[in-house]
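This is work26.txt (compact mmCIF, C-alpha atoms).
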# COMPACT_ATOMS: atom_id res chain seq x y z
CA MET A 1 -17.89 -20.00 -4.57
CA ASP A 2 -14.42 -19.16 -3.25
CA TYR A 3 -13.62 -15.72 -1.84
CA HIS A 4 -10.24 -15.95 -3.57
CA ALA A 5 -11.68 -16.96 -6.95
CA ALA A 6 -15.19 -15.53 -7.10
CA PHE A 7 -15.26 -15.57 -10.90
CA LYS A 8 -13.70 -18.99 -11.47
CA GLY A 9 -15.31 -20.69 -14.45
CA LEU A 10 -16.22 -17.42 -16.14
CA LYS A 11 -14.84 -16.62 -19.57
CA VAL A 12 -14.00 -13.05 -20.59
CA ILE A 13 -13.04 -11.89 -24.08
CA ASP A 14 -10.97 -8.72 -23.72
CA LEU A 15 -10.56 -6.53 -26.80
CA THR A 16 -9.69 -3.38 -24.87
CA GLY A 17 -6.43 -1.44 -25.08
CA GLY A 18 -4.60 1.20 -23.11
CA VAL A 19 -5.23 1.36 -19.36
CA ALA A 20 -8.90 1.71 -18.36
CA GLY A 21 -10.29 -1.33 -20.17
CA PRO A 22 -7.31 -3.64 -19.58
CA SER A 23 -7.15 -2.79 -15.86
CA CYS A 24 -10.85 -3.65 -15.52
CA ALA A 25 -10.33 -7.01 -17.25
CA MET A 26 -7.20 -7.61 -15.17
CA MET A 27 -9.29 -7.35 -12.00
CA LEU A 28 -11.67 -9.98 -13.38
CA ALA A 29 -8.68 -12.24 -14.03
CA GLN A 30 -7.35 -11.68 -10.52
CA HIS A 31 -10.67 -12.89 -9.15
CA GLY A 32 -10.50 -16.14 -11.09
CA ALA A 33 -12.00 -15.46 -14.51
CA ASP A 34 -10.34 -16.87 -17.63
CA VAL A 35 -9.59 -13.61 -19.42
CA ILE A 36 -8.43 -13.98 -23.00
CA LYS A 37 -6.71 -10.80 -24.13
CA ILE A 38 -6.97 -10.38 -27.88
CA GLU A 39 -4.45 -8.15 -29.65
CA THR A 40 -3.41 -7.60 -33.22
CA PRO A 41 -0.42 -9.75 -34.24
CA HIS A 42 0.97 -6.70 -36.04
CA ASN A 43 2.43 -3.44 -34.69
CA GLY A 44 3.25 -4.77 -31.24
CA GLY A 45 -0.23 -5.55 -29.94
CA ASP A 46 -1.98 -3.37 -27.37
CA TRP A 47 -0.61 0.18 -27.66
CA SER A 48 -0.06 0.30 -23.90
CA ARG A 49 2.89 -2.03 -24.50
CA ILE A 50 4.85 0.82 -26.08
CA LEU A 51 4.02 3.63 -23.62
CA GLY A 52 7.18 4.95 -21.97
CA LYS A 53 10.20 2.73 -21.53
CA THR A 54 9.75 -0.76 -22.98
CA TYR A 55 10.98 -4.12 -21.73
CA GLY A 56 10.66 -6.53 -24.62
CA ASP A 57 6.90 -6.80 -25.20
CA HIS A 58 6.07 -4.79 -22.09
CA SER A 59 5.92 -1.34 -20.53
CA ALA A 60 4.96 -0.48 -16.96
CA PHE A 61 1.42 0.07 -18.27
CA SER A 62 1.06 -3.34 -19.89
CA ILE A 63 2.66 -5.29 -17.04
CA PHE A 64 -0.22 -4.21 -14.83
CA GLY A 65 -2.92 -4.34 -17.51
CA THR A 66 -2.20 -7.88 -18.73
CA MET A 67 -1.36 -9.60 -15.44
CA GLY A 68 -3.24 -12.85 -14.93
CA LYS A 69 -4.64 -12.96 -18.48
CA ARG A 70 -3.96 -15.28 -21.40
CA ALA A 71 -2.85 -13.59 -24.62
CA LEU A 72 -4.06 -14.38 -28.14
CA ALA A 73 -2.79 -12.44 -31.15
CA LEU A 74 -5.54 -12.28 -33.78
CA ASP A 75 -6.03 -10.29 -36.99
CA LEU A 76 -9.69 -9.27 -37.03
CA LYS A 77 -9.33 -7.73 -40.47
CA THR A 78 -9.31 -11.24 -41.93
CA GLU A 79 -12.34 -13.49 -42.33
CA GLU A 80 -10.50 -16.34 -40.64
CA GLY A 81 -9.72 -14.07 -37.72
CA LYS A 82 -13.39 -13.18 -37.36
CA GLU A 83 -14.34 -16.86 -37.47
CA ILE A 84 -11.91 -17.54 -34.63
CA LEU A 85 -13.37 -14.74 -32.53
CA TRP A 86 -16.90 -16.05 -33.06
CA ARG A 87 -15.78 -19.46 -31.86
CA LEU A 88 -14.28 -17.90 -28.73
CA ILE A 89 -17.45 -15.90 -28.04
CA GLU A 90 -19.82 -18.89 -28.23
CA ASP A 91 -19.43 -19.82 -24.54
CA ALA A 92 -18.18 -16.47 -23.20
CA ASP A 93 -19.75 -14.69 -20.25
CA VAL A 94 -18.29 -11.21 -20.81
CA PHE A 95 -17.21 -9.40 -23.97
CA MET A 96 -15.18 -6.20 -23.58
CA GLU A 97 -14.21 -3.75 -26.31
CA GLY A 98 -12.47 -0.38 -26.34
CA PHE A 99 -12.46 0.66 -29.99
CA LYS A 100 -13.49 4.09 -31.22
CA PRO A 101 -17.32 4.18 -31.24
CA GLY A 102 -18.70 2.46 -34.34
CA THR A 103 -15.54 0.50 -35.12
CA ILE A 104 -16.54 -2.76 -33.44
CA ASP A 105 -19.86 -2.70 -35.34
CA ARG A 106 -17.99 -2.45 -38.62
CA TYR A 107 -16.03 -5.56 -37.64
CA GLY A 108 -19.37 -7.31 -37.10
CA PHE A 109 -19.12 -7.67 -33.31
CA GLY A 110 -21.49 -5.02 -31.99
CA TYR A 111 -23.81 -5.79 -29.11
CA GLU A 112 -26.81 -6.63 -31.28
CA ALA A 113 -24.81 -9.06 -33.43
CA ILE A 114 -23.23 -10.86 -30.47
CA SER A 115 -26.35 -10.92 -28.27
CA LYS A 116 -28.29 -12.65 -31.06
CA LYS A 117 -25.87 -15.56 -30.91
CA VAL A 118 -25.10 -15.40 -27.17
CA PRO A 119 -28.21 -13.92 -25.51
CA GLY A 120 -26.74 -14.03 -22.00
CA ILE A 121 -23.55 -12.09 -22.84
CA LEU A 122 -22.51 -9.15 -20.70
CA TYR A 123 -21.17 -6.68 -23.24
CA TYR A 124 -18.94 -3.84 -22.02
CA SER A 125 -17.78 -0.84 -24.08
CA ILE A 126 -15.20 1.69 -22.85
CA SER A 127 -14.43 4.91 -24.75
CA GLY A 128 -13.06 8.39 -24.25
CA PHE A 129 -16.12 10.64 -24.55
CA GLY A 130 -18.93 8.10 -24.82
CA GLN A 131 -20.71 6.27 -27.63
CA THR A 132 -22.88 9.25 -28.69
CA GLY A 133 -22.65 13.03 -28.86
CA PRO A 134 -20.53 15.51 -30.84
CA LEU A 135 -17.23 14.33 -29.32
CA ALA A 136 -17.84 10.57 -29.51
CA ALA A 137 -15.39 10.03 -32.37
CA ARG A 138 -12.63 12.09 -30.80
CA PRO A 139 -9.69 10.07 -29.41
CA ALA A 140 -8.83 10.77 -25.79
CA MET A 141 -6.39 9.71 -23.11
CA ASP A 142 -6.23 10.48 -19.40
CA PRO A 143 -4.43 13.88 -19.73
CA VAL A 144 -7.05 15.13 -22.20
CA LEU A 145 -9.91 14.18 -19.90
CA GLN A 146 -8.18 15.75 -16.89
CA ALA A 147 -8.16 19.02 -18.84
CA PHE A 148 -11.69 18.61 -20.21
CA ILE A 149 -13.31 17.84 -16.85
CA GLY A 150 -11.58 20.58 -14.85
CA ILE A 151 -9.01 18.64 -12.84
CA VAL A 152 -6.10 20.42 -14.53
CA THR A 153 -7.57 23.83 -13.67
CA GLU A 154 -7.45 23.01 -9.97
CA ASN A 155 -3.95 21.59 -10.03
CA LYS A 156 -2.00 24.83 -10.35
CA GLY A 157 1.67 24.88 -9.50
CA GLU A 158 2.55 26.83 -6.39
CA HIS A 159 5.47 28.55 -8.07
CA ASP A 160 4.14 29.13 -11.57
CA ASN A 161 0.34 29.25 -10.99
CA HIS A 162 0.00 27.28 -14.24
CA PRO A 163 -2.46 24.38 -14.60
CA HIS A 164 -0.79 20.97 -14.64
CA ARG A 165 -2.11 17.48 -15.24
CA ILE A 166 -1.64 14.91 -12.50
CA ALA A 167 1.02 12.47 -13.68
CA ILE A 168 -0.66 9.23 -12.62
CA SER A 169 -3.37 7.79 -14.89
CA LEU A 170 -5.99 8.51 -12.27
CA ILE A 171 -9.02 8.68 -14.58
CA ASP A 172 -7.97 5.51 -16.40
CA MET A 173 -7.46 3.58 -13.17
CA TYR A 174 -10.66 4.82 -11.55
CA SER A 175 -12.64 4.09 -14.71
CA GLY A 176 -11.18 0.58 -14.67
CA LEU A 177 -12.54 0.07 -11.15
CA LEU A 178 -15.92 1.49 -12.13
CA GLY A 179 -16.06 -0.95 -15.04
CA PHE A 180 -15.11 -3.82 -12.74
CA GLN A 181 -17.90 -2.78 -10.36
CA ALA A 182 -20.49 -2.65 -13.15
CA ILE A 183 -19.51 -6.04 -14.57
CA SER A 184 -19.18 -7.66 -11.13
CA THR A 185 -22.63 -6.59 -9.95
CA SER A 186 -24.12 -7.78 -13.24
CA LEU A 187 -22.42 -11.14 -12.81
CA TYR A 188 -23.76 -11.34 -9.26
CA VAL A 189 -27.34 -10.74 -10.41
CA ARG A 190 -26.97 -13.26 -13.21
CA ARG A 191 -25.51 -15.92 -10.92
CA GLU A 192 -27.61 -15.44 -7.79
CA GLN A 193 -30.94 -14.62 -9.42
CA LYS A 194 -30.53 -16.94 -12.40
CA VAL A 195 -31.00 -14.07 -14.85
CA LYS A 196 -30.28 -15.38 -18.33
CA GLN A 197 -30.75 -12.13 -20.24
CA GLY A 198 -27.58 -10.34 -21.28
CA ARG A 199 -26.80 -6.70 -20.75
CA TYR A 200 -25.03 -3.83 -22.48
CA LEU A 201 -22.74 -1.80 -20.21
CA GLU A 202 -21.03 1.39 -21.32
CA LEU A 203 -18.53 3.70 -19.65
CA SER A 204 -16.50 6.64 -20.88
CA LEU A 205 -13.38 8.14 -19.40
CA MET A 206 -15.37 11.38 -19.28
CA HIS A 207 -17.93 9.69 -17.02
CA GLY A 208 -15.22 8.04 -14.92
CA GLY A 209 -13.41 11.34 -14.48
CA ALA A 210 -16.63 13.07 -13.42
CA MET A 211 -17.24 10.37 -10.81
CA LEU A 212 -13.65 10.65 -9.61
CA SER A 213 -14.01 14.42 -9.25
CA VAL A 214 -17.57 14.45 -7.94
CA ILE A 215 -16.94 16.21 -4.61
CA ARG A 216 -14.83 18.97 -6.17
CA LEU A 217 -17.21 19.17 -9.14
CA ILE A 218 -20.16 19.81 -6.84
CA ALA A 219 -18.23 22.22 -4.60
CA GLN A 220 -16.79 24.26 -7.47
CA TYR A 221 -20.18 24.47 -9.16
CA LEU A 222 -22.00 25.62 -6.04
CA GLU A 223 -19.21 28.06 -5.17
CA ARG A 224 -18.93 29.25 -8.79
CA GLY A 225 -15.25 28.38 -9.01
CA GLN A 226 -14.31 30.22 -5.83
CA ALA A 227 -13.73 27.30 -3.50
CA GLN A 228 -13.72 28.21 0.16
CA ARG A 229 -10.21 28.09 1.59
CA THR A 230 -9.53 26.27 4.81
CA SER A 231 -8.69 28.41 7.82
CA MET A 232 -5.92 26.03 8.85
CA PRO A 233 -2.41 25.81 7.35
CA ASN A 234 -2.48 22.89 4.93
CA GLY A 235 -0.28 21.69 2.12
CA VAL A 236 3.31 20.82 1.29
CA PHE A 237 6.02 22.71 3.17
CA ASN A 238 9.75 22.77 2.63
CA THR A 239 11.81 21.50 5.56
CA SER A 240 15.55 21.73 6.18
CA ASP A 241 16.09 18.33 4.56
CA GLY A 242 13.09 17.74 2.30
CA GLN A 243 9.37 18.38 2.28
CA ILE A 244 6.39 17.44 4.43
CA ASN A 245 2.64 17.44 3.87
CA ILE A 246 0.58 18.77 6.78
CA THR A 247 -3.19 18.34 6.76
CA MET A 248 -5.49 19.87 9.37
CA VAL A 249 -9.27 20.16 9.27
CA ARG A 250 -10.30 20.82 12.88
CA PRO A 251 -9.96 24.27 14.52
CA SER A 252 -8.84 22.41 17.64
CA ASP A 253 -5.61 21.51 15.79
CA TRP A 254 -4.46 25.15 15.87
CA LYS A 255 -3.01 25.21 19.38
CA PRO A 256 -1.18 21.84 19.07
CA PHE A 257 0.21 22.98 15.71
CA CYS A 258 1.61 26.17 17.23
CA GLU A 259 3.12 24.11 20.04
CA CYS A 260 4.67 21.74 17.53
CA ILE A 261 6.52 24.45 15.61
CA ASP A 262 7.35 26.44 18.76
CA ARG A 263 5.30 29.43 17.65
CA MET A 264 2.82 30.05 20.47
CA ASP A 265 3.10 33.72 19.60
CA LEU A 266 0.97 32.93 16.53
CA HIS A 267 -1.63 31.25 18.69
CA ASP A 268 -2.04 34.42 20.73
CA ASP A 269 -1.87 36.78 17.74
CA PRO A 270 -5.33 38.44 17.31
CA ARG A 271 -5.03 37.99 13.55
CA PHE A 272 -4.95 34.20 13.91
CA ASN A 273 -6.53 33.25 17.24
CA THR A 274 -9.99 32.62 15.76
CA HIS A 275 -11.20 30.35 12.99
CA LYS A 276 -12.43 33.33 10.96
CA GLY A 277 -9.31 35.35 11.63
CA ARG A 278 -7.04 32.63 10.25
CA GLY A 279 -9.23 32.37 7.17
CA ASP A 280 -9.15 36.11 6.56
CA ASN A 281 -5.37 36.30 7.03
CA LEU A 282 -4.32 32.95 5.64
CA ASP A 283 -1.74 34.24 3.16
CA GLU A 284 -0.05 36.29 5.88
CA LEU A 285 -0.08 33.25 8.16
CA TYR A 286 1.65 31.15 5.52
CA THR A 287 4.31 33.82 5.12
CA LEU A 288 5.09 33.57 8.81
CA ILE A 289 5.08 29.79 9.26
CA ARG A 290 6.96 28.70 6.13
CA PRO A 291 10.39 29.93 7.35
CA THR A 292 9.81 28.31 10.73
CA ILE A 293 8.94 24.94 9.20
CA ALA A 294 11.84 25.24 6.76
CA SER A 295 14.27 25.54 9.67
CA ARG A 296 13.37 22.09 11.05
CA THR A 297 14.00 18.59 9.75
CA THR A 298 11.20 16.48 8.35
CA ALA A 299 11.65 13.82 11.03
CA TRP A 300 11.57 16.41 13.86
CA LEU A 301 8.35 17.91 12.55
CA SER A 302 6.70 14.58 11.81
CA GLU A 303 7.41 13.23 15.29
CA ARG A 304 5.97 16.30 17.01
CA LEU A 305 2.95 16.57 14.70
CA THR A 306 2.13 12.89 15.07
CA ALA A 307 2.41 13.08 18.87
CA ARG A 308 -0.25 15.79 18.81
CA GLY A 309 -2.60 13.92 16.48
CA ILE A 310 -1.97 16.13 13.45
CA MET A 311 -1.95 14.36 10.10
CA ASN A 312 1.33 14.58 8.23
CA GLY A 313 3.51 12.69 5.78
CA ARG A 314 6.99 13.01 4.39
CA VAL A 315 7.00 13.79 0.67
CA ASN A 316 8.53 10.65 -0.86
CA SER A 317 9.53 9.52 -4.29
CA TYR A 318 7.92 6.21 -5.32
CA GLU A 319 11.23 4.46 -4.64
CA GLU A 320 11.40 5.98 -1.17
CA PHE A 321 7.83 4.85 -0.55
CA LEU A 322 8.74 1.26 -1.45
CA ARG A 323 11.54 1.38 1.15
CA GLU A 324 9.28 2.58 3.96
CA GLU A 325 9.09 0.23 6.96
CA GLN A 326 5.31 0.60 7.03
CA VAL A 327 5.06 -0.78 3.50
CA ALA A 328 7.06 -3.88 4.45
CA ALA A 329 5.13 -4.32 7.70
CA THR A 330 1.75 -4.33 5.96
CA GLY A 331 2.82 -6.57 3.06
CA ILE A 332 0.97 -4.56 0.44
CA ILE A 333 3.70 -5.01 -2.21
CA SER A 334 4.83 -8.20 -3.93
CA TRP A 335 8.01 -8.31 -5.99
CA LEU A 336 7.44 -10.20 -9.23
CA ALA A 337 9.55 -11.54 -12.08
CA GLN A 338 8.14 -10.52 -15.46
CA PRO A 339 9.19 -11.39 -19.05
CA GLY A 340 11.63 -8.89 -20.51
CA VAL A 341 12.32 -7.15 -17.20
CA SER A 342 15.79 -7.72 -15.74
CA GLU A 343 14.79 -7.07 -12.12
CA LEU A 344 11.81 -7.81 -9.89
CA VAL A 345 8.80 -5.56 -10.38
CA PRO A 346 6.96 -4.05 -7.37
CA MET A 347 3.23 -4.80 -7.62
CA PRO A 348 0.56 -3.83 -5.07
CA ASN A 349 -1.44 -6.85 -3.95
CA ILE A 350 -5.15 -6.94 -4.74
CA PRO A 351 -7.25 -6.21 -1.62
CA GLY A 352 -9.19 -9.28 -0.50
CA LEU A 353 -6.96 -11.72 -2.38
CA PRO A 354 -3.83 -13.67 -1.37
CA PRO A 355 -0.51 -11.95 -2.06
CA LEU A 356 0.75 -12.27 -5.62
CA GLU A 357 3.44 -14.91 -6.04
CA SER A 358 6.15 -14.59 -8.64
CA GLY A 359 5.78 -17.30 -11.29
CA SER A 360 2.07 -17.94 -10.67
CA ALA A 361 -0.55 -17.44 -13.38
CA ARG A 362 -2.13 -14.56 -11.44
CA ALA A 363 1.18 -12.73 -11.25
CA HIS A 364 2.30 -13.28 -14.86
CA ALA A 365 1.96 -10.61 -17.57
CA PRO A 366 1.96 -12.42 -20.94
CA VAL A 367 3.74 -11.26 -24.07
CA VAL A 368 1.80 -10.73 -27.30
CA GLY A 369 0.31 -14.03 -28.48
CA GLU A 370 1.86 -16.06 -25.67
CA HIS A 371 -1.14 -18.38 -25.38
CA THR A 372 -2.32 -18.33 -29.00
CA ARG A 373 -1.65 -22.00 -29.70
CA ASP A 374 -3.15 -23.21 -26.41
CA ILE A 375 -6.33 -21.15 -26.77
CA LEU A 376 -6.90 -22.24 -30.37
CA ALA A 377 -6.36 -25.88 -29.43
CA GLU A 378 -8.91 -25.58 -26.64
CA HIS A 379 -11.41 -24.29 -29.18
CA GLY A 380 -11.11 -27.20 -31.56
CA TYR A 381 -8.28 -26.22 -33.89
CA SER A 382 -5.82 -28.94 -34.85
CA VAL A 383 -2.05 -28.50 -34.80
CA GLU A 384 -2.05 -28.34 -38.60
CA GLN A 385 -4.79 -25.70 -38.65
CA ILE A 386 -3.03 -23.62 -36.02
CA GLU A 387 0.29 -23.68 -37.87
CA GLY A 388 -1.51 -22.73 -41.06
CA LEU A 389 -3.10 -19.74 -39.32
CA VAL A 390 0.30 -18.75 -37.97
CA GLY A 391 1.85 -19.05 -41.43
CA ARG A 392 -0.88 -16.91 -42.98
CA LYS A 393 -0.43 -14.36 -40.17
CA VAL A 394 -4.05 -14.62 -39.13
CA VAL A 395 -2.77 -15.26 -35.64
CA GLY A 396 0.54 -14.44 -33.99
CA VAL A 397 2.85 -16.27 -31.62
CA PRO A 398 5.95 -15.06 -29.77
CA ALA A 399 9.03 -14.79 -31.97
As a first step, turn the structure in this file into C-alpha cells.
Amino acid sequence: MDYHAAFKGLKVIDLTGGVAGPSCAMMLAQHGADVIKIETPHNGGDWSRILGKTYGDHSAFSIFGTMGKRALALDLKTEEGKEILWRLIEDADVFMEGFKPGTIDRYGFGYEAISKKVPGILYYSISGFGQTGPLAARPAMDPVLQAFIGIVTENKGEHDNHPHRIAISLIDMYSGLLGFQAISTSLYVRREQKVKQGRYLELSLMHGGAMLSVIRLIAQYLERGQAQRTSMPNGVFNTSDGQINITMVRPSDWKPFCECIDRMDLHDDPRFNTHKGRGDNLDELYTLIRPTIASRTTAWLSERLTARGIMNGRVNSYEEFLREEQVAATGIISWLAQPGVSELVPMPNIPGLPPLESGSARAHAPVVGEHTRDILAEHGYSVEQIEGLVGRKVVGVPA
C-alpha cells in the first residue's frame, strides 16, 4: 500500500451529480482509485457542468468534481446502456448514486439488485433530505439546506439584519468529505479484516449540514436561540483602506487590544474594565472602537495586533488570497491547465498527497464521454460494437 495511492486497484462507479457526490468520488480518485464517472450523453452530462460561467464542457464546479476521473457518457434509459453498466459493475468495489430517492431502483440498480450480483459491493447513496420521510422526494441544493437547517438564520447582514446564505457550497463540500470518510473506513475494514460482505451507505445533505453546524446547533438549542455574546470585540471592522477581521476569546487580550488601538482610556473605563462589564456594554463598546479602527490602515493594525498575539486577518477577495506571500510559501495551490479554460486554474492541493501537476491524470478534469471508447474496450467491446453504440447514441463521445 502506498501513502500516495492508498486506493490503487479499486474500481469506483460514480453516478452522482452536482457537488457533494462528485467531490466525494473525486477524493477517491485522488487517492488512486479508478473512478469511472457516468453521465448522460444528452443535455450536457452532469448538471454541475452548466452551473455559473461555462468553459466548453466545464464550470468551476465540474472542474473540481471530475478531476482525476475517467468519463463515460451512457444512456441508462436504453437496454443496451443498462447492459453496459452491469458489465462495469461486475468487478467494481464501490457504486455511488445521487438520483432522487427511488429513481435508481426504477432503473434496476438499487442496492438489493446490485448486491445479489456483486455481494462485496460498497453502495453509497447521496440525496438532499434522505431516502425516507415526508421530504425525501423534494429536490434540494446547498442554499435550500442552509435555510432548512438554520445556518441562514445566523448569517444576518450587519447593515440589513436580513438572513443570507453563505456563498460557498459548504454543505455540499462537507458532505463530500463525510461520504469519503464513510467509504474509506469501509474500504479499510474490508481490506485489513478481509470482510467480503458488502455494505449500504447513505448520506443526505441535511445530515451533512447538521454535522457541519453541530456546535452552533447544540449551543442555539441549549440557549433557546439566544446565543451568549462574547465580551470581547470580535468581527469585521472597516479600516482606512479596507477591512480587517479581529478575533479575541481570552479576557487577557483586552489590555493588549487597547494598547494596539491607542485607547487605554477604554481599558480604564469602569464600563469595560471587567469581563462582565464588557459583555453588558458591548454595543456601546463597538460604537466607541469602530471609528478608532477606521482611522488606521489595515497593515498598521495587523502588525500591532499580531505583535501582541491577537488573531487577525485582512479581509481579502479570493484573487487577493491567491496573491498572498503565505500562500506561495506553503505551496498549497497548484496552477493547472484544463480543457476549455484559456488560463491556468488555481487548485488547492490534496492534504497528504503530492502537489497536483498540470497534465497528469490526477490533475485532469475530463469532458463528457472523454474516455467512453477506452472504458468500453477494456470491458470487452470491439471497435465495431463501440462505434455502433456511438451511432445509436447509447453512449457518447466528445464532438
Can you build me a table of region 196-246 of chain A residues sitting at most 10 Å from region 306-323 of chain A, with the closest atom pair per residue and its distance in Å to one decimal, using all atoms listed in the file, sorted by chain and residue number, as a tab-separated table?
residue	atom	partner	partner_atom	distance
A:Asn234	CA	A:Asn312	CA	9.7
A:Gly235	CA	A:Asn312	CA	9.5
A:Val236	CA	A:Val315	CA	8.0
A:Phe237	CA	A:Val315	CA	9.3
A:Asn238	CA	A:Val315	CA	9.6
A:Thr239	CA	A:Arg314	CA	9.8
A:Gly242	CA	A:Val315	CA	7.4
A:Gln243	CA	A:Val315	CA	5.4
A:Ile244	CA	A:Arg314	CA	4.5
A:Asn245	CA	A:Gly313	CA	5.2
A:Ile246	CA	A:Asn312	CA	4.5
One decimal, Å: what's the distance from CA of Pro366 (chain A) over to CA of Ser184 (chain A), could you say? 23.8 Å
With only C-alpha atoms as the basis for distance, which of A:Glu39, A:Asp14, A:Glu325, A:Glu387 is at the shortest distance from Leu76 (chain A)? A:Glu39
10 Å contact set for Phe95 (chain A), all atoms listed in the file, chain neighbours under 4 positions out, as a list of chain:residue names: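 Residues meeting the cut-off are A:Lys11, A:Val12, A:Ile13, A:Asp14, A:Leu15, A:Thr16, A:Ala25, A:Val35, A:Ile36, A:Ile89, A:Phe109, A:Tyr111, A:Ile114, A:Ile121, A:Leu122, A:Tyr123, A:Tyr124, A:Ser125, A:Tyr200.
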For a cut-off of 10 Å around (2.0, -1.9, -17.0), file coordinates, pick out all residues using all atoms listed in the file and list them as number ranges by chain. A: 18-19, 22-23, 48-52, 54, 58-67, 347, 365
Report, in Å to a single decimal, how far apart CA of Gly198 (chain A) and CA of Pro119 (chain A) are. 5.6 Å
Around (-5.1, 11.1, -22.8) in the file's own coordinates, what residues are found within 10 Å if you use all atoms listed in the file, given back as a list in words?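 With a cut-off of 10 Å, the residues come to Gly18, Gly128, Pro139, Ala140, Met141, Asp142, Pro143, Val144, Leu145, Gln146, Ala147, Ser169, Ile171, Asp172 and Leu205 of chain A.
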